[in-house]
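S.K.: I have a structure I would like to understand better, so I am pasting it below and will then ask my questions one at a time.
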Amino acid sequence: MALLPIIVAPDPRLKKRCEPVEQVDDALRRLMDDMLETMYDAPGIGLAAPQVGVLKRIIVVDVAAKEGPRQPHQMVNPELVWASEAEASYEEGCLSLPEHYAEVERPASVKVRYLDREGETRELEADGLLATCVQHEMDHLEGLLFVDHISALKRKMILRKLIKAKKAGKHPEPAAAE
Ligand code: GNR
Ligand code: NI
């Protein structure tokens, strides 16, 4: 298992639409395991493949409490099959927008269809933080960040600070491991 470098905005790789996965194989399972390890290490409650430079439709999520048992989800080619009319608001963060947070409204409950690590089709019904996190991760696969859901003024303030932080050499991305 390996920790993968997490890409920080602004970066063109975070703005691309990701391609569907064609084959769930050992290499993909290894990548998803590395993504989970990277997410737990960060620490974060979700991670999408483009955040580690892989422009494929893969997400991992675990919103379980730190003290309790892990509840990892590894999802390939996730698709939204249903979203509630009712919305919920959470203060969101993103490992690609370090140290920035904003309230984002999204459907409170969703149903998602995806392939699991064996390539089997599955469905997940989620509400609460899990619903928010899965939608945040699926946004990454469309090249969207949580700041794309807030006012242009707030978005520009956050991006300006991230550009400054990059110039000052904050949040350096470690070189990719061999
Ligand atoms: O760690 C994370 N926390 C979080 C909090 C509220 C809503 C979404 C998230 S996802 C984020 C990790 C991340 O950047 N995933 O893409
Ligand atoms: Ni994110």
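Chain lettering (A, B, ...) mirrors the order of the structure tokens, residue numbering begins at 1 for each chain separately, and ligand numbering begins at 1 in order of display.
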Give me the residues of range 10-99 of chain A that have any atom at most 8 Å from an atom of range 123-147 of chain A; for each, the nearest atom pair and the distance in Å, rounded to one decimal. Use only C-alpha atoms, sort by chain and number, and format it as a tab-separated table.

M.R.:
```
residue	atom	partner	partner_atom	distance
A:Arg13	CA	A:Gly143	CA	7.9
A:Leu14	CA	A:Gly143	CA	5.4
A:Lys15	CA	A:Gly143	CA	3.8
A:Lys16	CA	A:Gly143	CA	4.5
A:Arg17	CA	A:Glu142	CA	4.4
A:Cys18	CA	A:Leu141	CA	5.1
A:Ile45	CA	A:Cys133	CA	7.3
A:Gly46	CA	A:Cys133	CA	6.5
A:Leu47	CA	A:Glu137	CA	6.4
A:Ala48	CA	A:Glu137	CA	5.5
A:Ala49	CA	A:Leu141	CA	7.8
A:Pro50	CA	A:His140	CA	6.9
A:Gln51	CA	A:His140	CA	7.9
A:Leu55	CA	A:Leu141	CA	7.7
A:Lys56	CA	A:Leu141	CA	7.4
A:Arg57	CA	A:Leu141	CA	5.8
A:Ile58	CA	A:Leu141	CA	7.8
A:Ile59	CA	A:Glu137	CA	6.2
A:Val60	CA	A:Glu137	CA	8.0
A:Val61	CA	A:Val134	CA	7.0
A:Asp62	CA	A:Leu130	CA	7.9
A:Val63	CA	A:Leu130	CA	6.1
A:Pro78	CA	A:Met138	CA	7.2
A:Ala88	CA	A:Gly128	CA	7.9
A:Tyr90	CA	A:Thr132	CA	7.5
A:Glu92	CA	A:Phe146	CA	7.1
A:Gly93	CA	A:Phe146	CA	7.7
A:Cys94	CA	A:Phe146	CA	7.6
```

S.K.: Write down as number ranges by chain the residues belonging to range 37-174 of chain A that are assigned strand (DSSP E) by DSSP computed on the backbone.

M.R.: A: 46-48, 58-61, 73-83, 87-92, 102-107, 109-115, 121-127

S.K.: Need the shell around Met35 in chain A: protein/DNA/RNA residues with any atom at most 9 Å away, counting only C-alpha atoms. Skip same-chain ones fewer than 2 positions apart. Format as a PyMOL selection string?

M.R.: chain A and resi 2-4+30-33+37-40+47-49+52+59-60

S.K.: Grab the residues selected above and save them as a compact mmCIF listing (two decimals), in the first residue's frame with C-alpha atoms.

M.R.:
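Final file, selection07.txt:
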```txt
# COMPACT_ATOMS: atom_id res chain seq x y z
CA ALA A 2 1.17 3.49 -0.65
CA LEU A 3 0.32 7.09 0.15
CA LEU A 4 -0.43 9.11 -2.98
CA ARG A 30 -4.57 -1.54 -5.65
CA LEU A 31 -5.30 2.07 -6.64
CA MET A 32 -8.53 2.10 -4.58
CA ASP A 33 -6.72 0.64 -1.56
CA GLU A 37 -4.96 4.73 2.83
CA THR A 38 -4.24 8.26 1.53
CA MET A 39 -7.68 9.44 2.67
CA TYR A 40 -7.30 7.99 6.21
CA LEU A 47 -11.26 11.03 -1.92
CA ALA A 48 -11.79 11.05 -5.69
CA ALA A 49 -9.26 9.68 -8.19
CA VAL A 52 -4.43 11.90 -6.92
CA ILE A 59 -14.23 7.44 -5.41
CA VAL A 60 -13.65 6.22 -1.87
```

S.K.: Using only C-alpha atoms and all ligand atoms for the distances, tell me which of A:Leu97, A:Leu80, A:Leu36, A:Val112 is nearest to ligand 2.

M.R.: A:Leu97

S.K.: Tell me which protein, DNA and RNA residues are within 9 Å of Glu118 in chain A, counting only C-alpha atoms, leaving out same-chain ones fewer than 6 positions away, and put them as a list of chain:residue names.

M.R.: A:Val24, A:Asp25, A:Arg29
